[in-house]
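> Contents of start_4.cif (mmCIF, N, CA and C atoms):
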```
data_start
#
loop_
_atom_site.label_atom_id
_atom_site.label_comp_id
_atom_site.auth_asym_id
_atom_site.auth_seq_id
_atom_site.Cartn_x
_atom_site.Cartn_y
_atom_site.Cartn_z
N MET W 1 -9.80 -1.55 -6.74
CA MET W 1 -9.03 -1.67 -5.52
C MET W 1 -9.97 -2.14 -4.42
N SER W 2 -9.57 -3.16 -3.72
CA SER W 2 -10.39 -3.69 -2.64
C SER W 2 -10.18 -2.88 -1.36
N LYS W 3 -11.05 -3.13 -0.37
CA LYS W 3 -10.91 -2.42 0.90
C LYS W 3 -9.59 -2.76 1.59
N SER W 4 -9.20 -4.02 1.52
CA SER W 4 -7.94 -4.41 2.17
C SER W 4 -6.74 -3.77 1.45
N THR W 5 -6.84 -3.67 0.14
CA THR W 5 -5.78 -3.01 -0.61
C THR W 5 -5.73 -1.53 -0.27
N LEU W 6 -6.90 -0.92 -0.07
CA LEU W 6 -6.95 0.49 0.32
C LEU W 6 -6.30 0.70 1.67
N SER W 7 -6.53 -0.20 2.59
CA SER W 7 -5.91 -0.12 3.91
C SER W 7 -4.39 -0.21 3.78
N THR W 8 -3.93 -1.12 2.92
CA THR W 8 -2.49 -1.26 2.68
C THR W 8 -1.94 0.01 2.06
N LEU W 9 -2.68 0.59 1.12
CA LEU W 9 -2.25 1.84 0.48
C LEU W 9 -2.09 2.95 1.51
N LYS W 10 -3.06 3.08 2.40
CA LYS W 10 -2.97 4.11 3.44
C LYS W 10 -1.73 3.91 4.31
N SER W 11 -1.45 2.66 4.66
CA SER W 11 -0.26 2.36 5.46
C SER W 11 1.01 2.73 4.71
N GLU W 12 1.05 2.40 3.42
CA GLU W 12 2.22 2.73 2.60
C GLU W 12 2.40 4.24 2.49
N ILE W 13 1.32 4.97 2.32
CA ILE W 13 1.39 6.44 2.23
C ILE W 13 1.98 7.00 3.51
N ASN W 14 1.50 6.51 4.66
CA ASN W 14 2.01 6.99 5.95
C ASN W 14 3.48 6.64 6.13
N MET W 15 3.87 5.43 5.73
CA MET W 15 5.27 5.01 5.85
C MET W 15 6.17 5.88 4.97
N GLU W 16 5.75 6.12 3.74
CA GLU W 16 6.55 6.95 2.83
C GLU W 16 6.59 8.40 3.30
N SER W 17 5.51 8.86 3.89
CA SER W 17 5.50 10.23 4.43
C SER W 17 6.53 10.37 5.55
N ARG W 18 6.60 9.36 6.41
CA ARG W 18 7.61 9.40 7.48
C ARG W 18 9.02 9.36 6.89
N SER W 19 9.21 8.59 5.83
CA SER W 19 10.52 8.53 5.17
C SER W 19 10.89 9.89 4.58
N ALA W 20 9.91 10.56 3.99
CA ALA W 20 10.16 11.89 3.44
C ALA W 20 10.50 12.88 4.54
N ASP W 21 9.83 12.76 5.69
CA ASP W 21 10.15 13.63 6.82
C ASP W 21 11.59 13.40 7.29
N LYS W 22 12.01 12.13 7.30
CA LYS W 22 13.39 11.81 7.70
C LYS W 22 14.40 12.41 6.71
N ALA W 23 14.05 12.34 5.41
CA ALA W 23 14.94 12.92 4.40
C ALA W 23 15.04 14.43 4.59
N GLY W 24 13.92 15.07 4.91
CA GLY W 24 13.94 16.51 5.18
C GLY W 24 14.78 16.83 6.40
N SER W 25 14.66 16.02 7.43
CA SER W 25 15.48 16.22 8.63
C SER W 25 16.96 16.06 8.32
N SER W 26 17.28 15.12 7.45
CA SER W 26 18.68 14.93 7.05
C SER W 26 19.21 16.15 6.32
N LEU W 27 18.38 16.74 5.47
CA LEU W 27 18.80 17.97 4.77
C LEU W 27 19.04 19.11 5.75
N LYS W 28 18.18 19.24 6.74
CA LYS W 28 18.37 20.29 7.75
C LYS W 28 19.64 20.03 8.56
N SER W 29 19.88 18.78 8.85
CA SER W 29 21.09 18.41 9.59
C SER W 29 22.34 18.73 8.76
N LEU W 30 22.26 18.46 7.46
CA LEU W 30 23.37 18.78 6.56
C LEU W 30 23.63 20.28 6.56
N ASP W 31 22.56 21.06 6.55
CA ASP W 31 22.69 22.52 6.58
C ASP W 31 23.45 22.97 7.83
N LYS W 32 23.11 22.38 8.97
CA LYS W 32 23.78 22.73 10.23
C LYS W 32 25.25 22.30 10.21
N SER W 33 25.49 21.13 9.64
CA SER W 33 26.88 20.64 9.56
C SER W 33 27.73 21.56 8.69
N ILE W 34 27.18 21.99 7.56
CA ILE W 34 27.90 22.90 6.67
C ILE W 34 28.16 24.22 7.39
N SER W 35 27.15 24.68 8.11
CA SER W 35 27.28 25.95 8.83
C SER W 35 28.42 25.90 9.85
N SER W 36 28.50 24.79 10.58
CA SER W 36 29.55 24.71 11.60
C SER W 36 30.92 24.41 10.98
N ALA W 37 30.96 23.79 9.82
CA ALA W 37 32.24 23.43 9.21
C ALA W 37 32.82 24.54 8.35
N MET W 38 31.95 25.27 7.66
CA MET W 38 32.44 26.31 6.73
C MET W 38 31.69 27.61 6.97
N ASP W 39 32.36 28.53 7.59
CA ASP W 39 31.74 29.84 7.83
C ASP W 39 32.37 30.86 6.88
N ASP W 40 32.21 30.61 5.59
CA ASP W 40 32.75 31.52 4.58
C ASP W 40 31.76 31.59 3.41
N ARG W 41 32.17 32.22 2.34
CA ARG W 41 31.30 32.39 1.19
C ARG W 41 30.88 31.07 0.58
N VAL W 42 31.80 30.14 0.49
CA VAL W 42 31.49 28.82 -0.07
C VAL W 42 30.48 28.10 0.83
N GLY W 43 30.70 28.16 2.12
CA GLY W 43 29.77 27.54 3.08
C GLY W 43 28.39 28.15 3.00
N ASN W 44 28.34 29.48 2.90
CA ASN W 44 27.05 30.17 2.79
C ASN W 44 26.33 29.77 1.50
N SER W 45 27.08 29.67 0.43
CA SER W 45 26.50 29.25 -0.85
C SER W 45 25.98 27.81 -0.77
N ALA W 46 26.74 26.95 -0.13
CA ALA W 46 26.32 25.56 0.03
C ALA W 46 25.05 25.47 0.88
N ARG W 47 25.03 26.25 1.97
CA ARG W 47 23.85 26.25 2.84
C ARG W 47 22.63 26.77 2.10
N GLU W 48 22.80 27.81 1.30
CA GLU W 48 21.68 28.34 0.51
C GLU W 48 21.16 27.28 -0.47
N SER W 49 22.08 26.55 -1.07
CA SER W 49 21.67 25.48 -1.99
C SER W 49 20.90 24.39 -1.27
N VAL W 50 21.42 23.96 -0.12
CA VAL W 50 20.74 22.91 0.65
C VAL W 50 19.37 23.41 1.12
N THR W 51 19.30 24.65 1.54
CA THR W 51 18.02 25.23 1.98
C THR W 51 17.02 25.26 0.83
N CYS W 52 17.49 25.63 -0.35
CA CYS W 52 16.62 25.66 -1.53
C CYS W 52 16.14 24.24 -1.86
N ILE W 53 17.05 23.28 -1.81
CA ILE W 53 16.67 21.88 -2.07
C ILE W 53 15.65 21.41 -1.04
N TYR W 54 15.89 21.74 0.23
CA TYR W 54 14.96 21.35 1.29
C TYR W 54 13.59 21.97 1.06
N ASN W 55 13.55 23.25 0.77
CA ASN W 55 12.26 23.93 0.58
C ASN W 55 11.48 23.32 -0.59
N THR W 56 12.17 23.06 -1.69
CA THR W 56 11.51 22.46 -2.85
C THR W 56 11.04 21.05 -2.54
N PHE W 57 11.91 20.27 -1.92
CA PHE W 57 11.56 18.89 -1.55
C PHE W 57 10.37 18.88 -0.60
N SER W 58 10.44 19.70 0.43
CA SER W 58 9.40 19.74 1.44
C SER W 58 8.05 20.14 0.84
N TYR W 59 8.07 21.18 0.01
CA TYR W 59 6.83 21.66 -0.62
C TYR W 59 6.21 20.57 -1.49
N ASN W 60 7.04 19.96 -2.34
CA ASN W 60 6.53 18.93 -3.25
C ASN W 60 6.10 17.67 -2.51
N ALA W 61 6.84 17.28 -1.49
CA ALA W 61 6.47 16.10 -0.71
C ALA W 61 5.15 16.34 0.02
N ASP W 62 5.01 17.51 0.64
CA ASP W 62 3.76 17.83 1.33
C ASP W 62 2.59 17.81 0.36
N LYS W 63 2.79 18.41 -0.80
CA LYS W 63 1.74 18.46 -1.81
C LYS W 63 1.37 17.05 -2.28
N PHE W 64 2.37 16.22 -2.53
CA PHE W 64 2.13 14.85 -2.98
C PHE W 64 1.37 14.05 -1.93
N PHE W 65 1.86 14.08 -0.68
CA PHE W 65 1.24 13.25 0.36
C PHE W 65 -0.15 13.76 0.71
N LYS W 66 -0.36 15.05 0.63
CA LYS W 66 -1.72 15.57 0.85
C LYS W 66 -2.65 15.05 -0.24
N GLY W 67 -2.20 15.07 -1.49
CA GLY W 67 -3.00 14.54 -2.60
C GLY W 67 -3.25 13.05 -2.46
N ALA W 68 -2.22 12.31 -2.08
CA ALA W 68 -2.37 10.86 -1.91
C ALA W 68 -3.35 10.54 -0.78
N ASN W 69 -3.25 11.26 0.32
CA ASN W 69 -4.18 11.05 1.43
C ASN W 69 -5.61 11.43 1.03
N ASN W 70 -5.75 12.52 0.28
CA ASN W 70 -7.08 12.91 -0.18
C ASN W 70 -7.68 11.85 -1.09
N ALA W 71 -6.87 11.29 -1.98
CA ALA W 71 -7.35 10.24 -2.89
C ALA W 71 -7.76 9.00 -2.10
N ALA W 72 -6.95 8.60 -1.13
CA ALA W 72 -7.28 7.43 -0.32
C ALA W 72 -8.55 7.67 0.49
N SER W 73 -8.70 8.88 1.02
CA SER W 73 -9.90 9.22 1.78
C SER W 73 -11.14 9.21 0.88
N ALA W 74 -10.98 9.69 -0.34
CA ALA W 74 -12.11 9.68 -1.28
C ALA W 74 -12.52 8.23 -1.60
N LEU W 75 -11.54 7.35 -1.78
CA LEU W 75 -11.85 5.95 -2.01
C LEU W 75 -12.55 5.34 -0.79
N ASP W 76 -12.09 5.70 0.38
CA ASP W 76 -12.69 5.20 1.61
C ASP W 76 -14.14 5.66 1.73
N ARG W 77 -14.37 6.95 1.44
CA ARG W 77 -15.75 7.46 1.46
C ARG W 77 -16.60 6.76 0.42
N GLY W 78 -16.03 6.49 -0.74
CA GLY W 78 -16.75 5.79 -1.79
C GLY W 78 -17.16 4.40 -1.35
N TYR W 79 -16.25 3.68 -0.69
CA TYR W 79 -16.59 2.35 -0.18
C TYR W 79 -17.70 2.43 0.86
N SER W 80 -17.65 3.44 1.73
CA SER W 80 -18.69 3.59 2.74
C SER W 80 -20.05 3.85 2.09
N LYS W 81 -20.06 4.71 1.08
CA LYS W 81 -21.31 5.00 0.38
C LYS W 81 -21.81 3.76 -0.35
N LEU W 82 -20.89 3.02 -0.94
CA LEU W 82 -21.26 1.79 -1.64
C LEU W 82 -21.86 0.78 -0.67
N ASP W 83 -21.26 0.63 0.50
CA ASP W 83 -21.81 -0.27 1.52
C ASP W 83 -23.21 0.16 1.92
N SER W 84 -23.39 1.46 2.07
CA SER W 84 -24.71 1.99 2.43
C SER W 84 -25.73 1.71 1.34
N LEU W 85 -25.34 1.89 0.09
CA LEU W 85 -26.25 1.62 -1.03
C LEU W 85 -26.59 0.13 -1.12
N VAL W 86 -25.61 -0.73 -0.89
CA VAL W 86 -25.86 -2.17 -0.91
C VAL W 86 -26.85 -2.54 0.19
N ALA W 87 -26.67 -1.97 1.37
CA ALA W 87 -27.58 -2.25 2.48
C ALA W 87 -28.99 -1.77 2.15
N GLN W 88 -29.10 -0.59 1.54
CA GLN W 88 -30.42 -0.09 1.13
C GLN W 88 -31.04 -1.00 0.08
N GLY W 89 -30.24 -1.43 -0.88
CA GLY W 89 -30.73 -2.33 -1.92
C GLY W 89 -31.23 -3.63 -1.34
N GLU W 90 -30.50 -4.18 -0.39
CA GLU W 90 -30.93 -5.43 0.25
C GLU W 90 -32.23 -5.23 1.03
N LYS W 91 -32.34 -4.07 1.66
CA LYS W 91 -33.58 -3.76 2.40
C LYS W 91 -34.76 -3.67 1.44
N HIS W 92 -34.59 -2.98 0.32
CA HIS W 92 -35.66 -2.84 -0.67
C HIS W 92 -36.02 -4.20 -1.28
N LEU W 93 -35.01 -5.02 -1.53
CA LEU W 93 -35.25 -6.35 -2.08
C LEU W 93 -36.06 -7.19 -1.10
N SER W 94 -35.72 -7.12 0.16
CA SER W 94 -36.45 -7.86 1.19
C SER W 94 -37.89 -7.38 1.26
N GLN W 95 -38.09 -6.06 1.19
CA GLN W 95 -39.46 -5.52 1.20
C GLN W 95 -40.23 -5.97 -0.04
N ALA W 96 -39.56 -5.97 -1.19
CA ALA W 96 -40.22 -6.40 -2.43
C ALA W 96 -40.62 -7.87 -2.34
N LYS W 97 -39.76 -8.70 -1.79
CA LYS W 97 -40.08 -10.12 -1.63
C LYS W 97 -41.28 -10.30 -0.71
N ALA W 98 -41.33 -9.50 0.36
CA ALA W 98 -42.46 -9.57 1.29
C ALA W 98 -43.75 -9.16 0.59
N ILE W 99 -43.68 -8.13 -0.25
CA ILE W 99 -44.86 -7.68 -1.00
C ILE W 99 -45.32 -8.76 -1.97
N VAL W 100 -44.37 -9.36 -2.70
CA VAL W 100 -44.70 -10.42 -3.66
C VAL W 100 -45.34 -11.60 -2.91
N LYS W 101 -44.77 -11.95 -1.78
CA LYS W 101 -45.32 -13.04 -0.98
C LYS W 101 -46.72 -12.70 -0.51
N GLY W 102 -46.91 -11.44 -0.07
CA GLY W 102 -48.24 -10.99 0.38
C GLY W 102 -49.25 -11.00 -0.74
N VAL W 103 -48.86 -10.59 -1.93
CA VAL W 103 -49.75 -10.57 -3.09
C VAL W 103 -50.09 -12.01 -3.49
N GLY W 104 -49.12 -12.89 -3.39
CA GLY W 104 -49.35 -14.30 -3.74
C GLY W 104 -50.34 -14.97 -2.81
N GLU W 105 -50.41 -14.53 -1.59
CA GLU W 105 -51.33 -15.11 -0.60
C GLU W 105 -52.76 -14.64 -0.82
N LEU W 106 -52.95 -13.53 -1.54
CA LEU W 106 -54.31 -13.00 -1.77
C LEU W 106 -55.02 -13.87 -2.71
#
```
What would the structure in this file look like if it were written as structure tokens?

Amino acid sequence: MSKSTLSTLKSEINMESRSADKAGSSLKSLDKSISSAMDDRVGNSARESVTCIYNTFSYNADKFFKGANNAASALDRGYSKLDSLVAQGEKHLSQAKAIVKGVGEL
């Protein structure tokens, strides 16, 4: 995965997270609508079902997006470390070339 692809992945994760939040809000809204429309045993049962669905959805979505963000962050840290190692390698190579040049002049 390239750095630009990683950036796109992060954007997609954030966009999907917002979509999941909207779905959760819709479930809460449905719960309120049921509550105001049916104040009886059937309504209470429906609200309990919607609440259970919301809780399960919310828990799993939070867990998924936290994992996805952690994975993207780990990739980001990996790229940063890789860039640092490449810079160190280039520095050592430059020093080695200077040493070889210095030895050749002796």
> Got a sec to resolve the PyMOL selection byres ((chain W and resi 51-56) around 8) on this structure and send the residues as a PyMOL selection string?
chain W and resi 23-24+27-28+30-31+45-50+57-62
> Work out how far apart atom N of Met15 in chain W and atom C of Leu82 in chain W are and give it in Å to one decimal.
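According to the coordinates, atom N of Met15 in chain W and atom C of Leu82 in chain W are separated by 26.9 Å.
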> Quote the spacing between atom N of Ala37 in chain W and atom N of Asp21 in chain W in Å to one decimal place.
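Going from atom N of Ala37 in chain W over to atom N of Asp21 in chain W covers 24.2 Å.
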